[in-house]
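Structure below is my_file-v9.pdb: PDB, C-alpha atoms, pLDDT in the B column.
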```
ATOM      1  CA  MET A   1      50.421  54.132 -65.165  1.00 71.00           C
ATOM      2  CA  LYS A   2      50.718  51.753 -62.221  1.00 80.00           C
ATOM      3  CA  THR A   3      54.015  50.296 -61.111  1.00 81.00           C
ATOM      4  CA  LEU A   4      52.922  46.777 -62.018  1.00 80.00           C
ATOM      5  CA  ASP A   5      51.974  47.924 -65.524  1.00 84.00           C
ATOM      6  CA  ARG A   6      55.422  49.466 -65.963  1.00 88.00           C
ATOM      7  CA  LEU A   7      57.012  46.227 -64.790  1.00 86.00           C
ATOM      8  CA  LYS A   8      55.019  44.262 -67.352  1.00 87.00           C
ATOM      9  CA  LEU A   9      56.028  46.643 -70.125  1.00 91.00           C
ATOM     10  CA  VAL A  10      59.699  46.516 -69.172  1.00 92.00           C
ATOM     11  CA  VAL A  11      59.703  42.716 -69.057  1.00 90.00           C
ATOM     12  CA  VAL A  12      58.132  42.533 -72.524  1.00 92.00           C
ATOM     13  CA  LEU A  13      60.626  45.021 -73.961  1.00 94.00           C
ATOM     14  CA  VAL A  14      63.568  43.179 -72.394  1.00 93.00           C
ATOM     15  CA  ALA A  15      62.223  39.879 -73.738  1.00 93.00           C
ATOM     16  CA  LEU A  16      61.921  41.263 -77.260  1.00 94.00           C
ATOM     17  CA  ALA A  17      65.386  42.805 -77.131  1.00 95.00           C
ATOM     18  CA  ILE A  18      67.059  39.610 -75.896  1.00 95.00           C
ATOM     19  CA  TRP A  19      65.180  37.508 -78.426  1.00 94.00           C
ATOM     20  CA  ALA A  20      66.094  39.893 -81.262  1.00 95.00           C
ATOM     21  CA  VAL A  21      69.777  39.801 -80.329  1.00 95.00           C
ATOM     22  CA  GLY A  22      69.599  36.010 -80.269  1.00 94.00           C
ATOM     23  CA  VAL A  23      68.056  35.937 -83.726  1.00 95.00           C
ATOM     24  CA  ARG A  24      70.547  38.475 -85.065  1.00 96.00           C
ATOM     25  CA  THR A  25      73.578  36.585 -83.724  1.00 95.00           C
ATOM     26  CA  ASN A  26      72.048  33.142 -84.383  1.00 95.00           C
ATOM     27  CA  ARG A  27      72.445  32.051 -80.740  1.00 94.00           C
ATOM     28  CA  ASN A  28      69.730  29.683 -79.608  1.00 95.00           C
ATOM     29  CA  SER A  29      70.485  30.249 -75.930  1.00 94.00           C
ATOM     30  CA  LEU A  30      69.652  33.955 -76.192  1.00 93.00           C
ATOM     31  CA  MET A  31      66.498  33.209 -78.138  1.00 94.00           C
ATOM     32  CA  LEU A  32      65.372  30.798 -75.415  1.00 95.00           C
ATOM     33  CA  VAL A  33      66.096  33.356 -72.695  1.00 94.00           C
ATOM     34  CA  GLY A  34      64.004  35.876 -74.627  1.00 92.00           C
ATOM     35  CA  VAL A  35      61.161  33.379 -74.900  1.00 94.00           C
ATOM     36  CA  ALA A  36      61.430  32.652 -71.163  1.00 94.00           C
ATOM     37  CA  PHE A  37      61.128  36.372 -70.385  1.00 91.00           C
ATOM     38  CA  MET A  38      58.101  36.538 -72.665  1.00 92.00           C
ATOM     39  CA  ILE A  39      56.479  33.688 -70.742  1.00 93.00           C
ATOM     40  CA  VAL A  40      57.119  35.567 -67.487  1.00 89.00           C
ATOM     41  CA  ALA A  41      55.535  38.680 -69.004  1.00 87.00           C
ATOM     42  CA  PHE A  42      52.528  36.622 -70.066  1.00 88.00           C
ATOM     43  CA  LEU A  43      52.141  35.171 -66.568  1.00 88.00           C
ATOM     44  CA  LEU A  44      52.369  38.655 -65.030  1.00 84.00           C
ATOM     45  CA  ARG A  45      49.141  39.495 -66.839  1.00 82.00           C
ATOM     46  CA  PHE A  46      47.265  37.204 -64.464  1.00 81.00           C
ATOM     47  CA  LEU A  47      48.874  38.539 -61.280  1.00 73.00           C
ATOM     48  CA  PRO A  48      46.276  41.245 -60.461  1.00 66.00           C
ATOM     49  CA  ARG A  49      43.397  38.891 -61.225  1.00 61.00           C
ATOM     50  CA  LEU A  50      44.710  36.295 -58.804  1.00 57.00           C
ATOM     51  CA  LYS A  51      45.356  38.977 -56.190  1.00 59.00           C
ATOM     52  CA  ASN A  52      41.799  40.356 -56.406  1.00 62.00           C
ATOM     53  CA  ARG A  53      40.188  36.948 -55.901  1.00 55.00           C
ATOM     54  CA  ARG A  54      41.411  36.668 -52.320  1.00 52.00           C
TER      55      ARG A  54
END
```

Show how you would write the structure in this file as structure tokens.
Amino acid sequence: MKTLDRLKLVVVLVALAIWAVGVRTNRNSLMLVGVAFMIVAFLLRFLPRLKNRR
């Protein structure tokens, strides 16, 4: 497993954990932080593709 793949996996797991804690404690701020991490994880999917184009 490549380092970038591990980073992607860790970001997704952190996002899910933060979001789940936000849902469990009913704190919208934590849920939004979890969603923001998920967006970052989604954008990391395109990183190698953009790197290979150049």

**OP:** Just give me the gap between CA of Met31 in chain A and CA of Lys2 in chain A in Å, one decimal is fine.
**Re:**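 Interatomic distance here is 29.1 Å.
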
Within 10 Å of Ala41 in chain A, counting all atoms listed in the file, which residues show up once you throw out same-chain ones fewer than 5 positions away? Write them as a short mmCIF file (atom, residue, chain, number, x, y, z; two decimals) with C-alpha atoms, keeping the file's coordinate frame, please.
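File written: around-v4.cif
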```cif
data_model
loop_
_atom_site.label_atom_id
_atom_site.label_comp_id
_atom_site.auth_asym_id
_atom_site.auth_seq_id
_atom_site.Cartn_x
_atom_site.Cartn_y
_atom_site.Cartn_z
CA LEU A 7 57.01 46.23 -64.79
CA LYS A 8 55.02 44.26 -67.35
CA LEU A 9 56.03 46.64 -70.12
CA VAL A 10 59.70 46.52 -69.17
CA VAL A 11 59.70 42.72 -69.06
CA VAL A 12 58.13 42.53 -72.52
CA LEU A 13 60.63 45.02 -73.96
CA VAL A 14 63.57 43.18 -72.39
CA ALA A 15 62.22 39.88 -73.74
CA VAL A 35 61.16 33.38 -74.90
CA ALA A 36 61.43 32.65 -71.16
CA PHE A 46 47.26 37.20 -64.46
#
```

Original post:
Which polymer residues, protein or nucleic acid, are no farther than 10 Å from (62.5, 33.3, -81.2), counting all atoms listed in the file, as a ChimeraX atom specification?
Top reply: /A:15-16,18-23,28,30-35

Original post:
At what distance in Å, to one decimal, does CA of Asn26 in chain A lie from CA of Ile39 in chain A?
Top reply: 20.7 Å

What are the centre and edge lengths in Å, to one decimal, of the axis-aligned box around all listed atoms of range 15-28 of chain A with 3 Å added on each side, as JSON?
```
{"center_x": 67.7, "center_y": 36.2, "center_z": -79.4, "size_x": 17.7, "size_y": 19.1, "size_z": 17.3}
```

I need chain A from the structure I supplied, saved as a compact mmCIF listing (two decimals), in the first residue's frame with C-alpha atoms retained.
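Output contents, as saved in decode-v1.txt:
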```txt
# COMPACT_ATOMS: atom_id res chain seq x y z
CA MET A 1 0.00 0.00 0.00
CA LYS A 2 1.41 3.38 -1.01
CA THR A 3 1.84 6.21 1.44
CA LEU A 4 -0.74 8.34 -0.35
CA ASP A 5 -3.27 5.51 -0.17
CA ARG A 6 -2.70 5.22 3.58
CA LEU A 7 -3.18 8.97 3.93
CA LYS A 8 -6.49 8.77 2.08
CA LEU A 9 -7.67 5.91 4.28
CA VAL A 10 -6.69 7.71 7.48
CA VAL A 11 -8.46 10.90 6.42
CA VAL A 12 -11.65 8.97 5.65
CA LEU A 13 -11.54 7.13 8.97
CA VAL A 14 -10.91 10.36 10.89
CA ALA A 15 -13.78 12.03 9.02
CA LEU A 16 -16.18 9.21 9.87
CA ALA A 17 -15.11 9.19 13.52
CA ILE A 18 -15.51 12.96 13.94
CA TRP A 19 -18.85 12.92 12.15
CA ALA A 20 -20.09 10.00 14.28
CA VAL A 21 -19.11 11.76 17.50
CA GLY A 22 -20.94 14.86 16.28
CA VAL A 23 -24.06 12.85 15.57
CA ARG A 24 -23.84 11.01 18.88
CA THR A 25 -23.43 14.22 20.92
CA ASN A 26 -25.78 16.24 18.69
CA ARG A 27 -23.13 18.90 17.97
CA ASN A 28 -23.46 20.43 14.53
CA SER A 29 -19.95 21.86 14.60
CA LEU A 30 -18.40 18.39 14.89
CA MET A 31 -20.64 17.06 12.15
CA LEU A 32 -19.52 19.87 9.85
CA VAL A 33 -15.86 19.22 10.64
CA GLY A 34 -16.42 15.56 9.78
CA VAL A 35 -18.05 16.52 6.49
CA ALA A 36 -15.14 18.88 5.74
CA PHE A 37 -12.65 16.04 6.31
CA MET A 38 -14.73 13.85 4.01
CA ILE A 39 -14.55 16.51 1.29
CA VAL A 40 -10.76 16.62 1.70
CA ALA A 41 -10.64 12.83 1.40
CA PHE A 42 -12.74 13.02 -1.75
CA LEU A 43 -10.44 15.64 -3.27
CA LEU A 44 -7.38 13.53 -2.44
CA ARG A 45 -8.72 10.92 -4.84
CA PHE A 46 -7.89 13.22 -7.74
CA LEU A 47 -4.38 14.09 -6.56
CA PRO A 48 -2.48 11.32 -8.43
CA ARG A 49 -4.47 11.94 -11.61
CA LEU A 50 -3.57 15.61 -11.61
CA LYS A 51 0.06 14.78 -10.84
CA ASN A 52 0.35 12.32 -13.74
CA ARG A 53 -0.98 14.81 -16.30
CA ARG A 54 2.06 17.06 -16.00
```
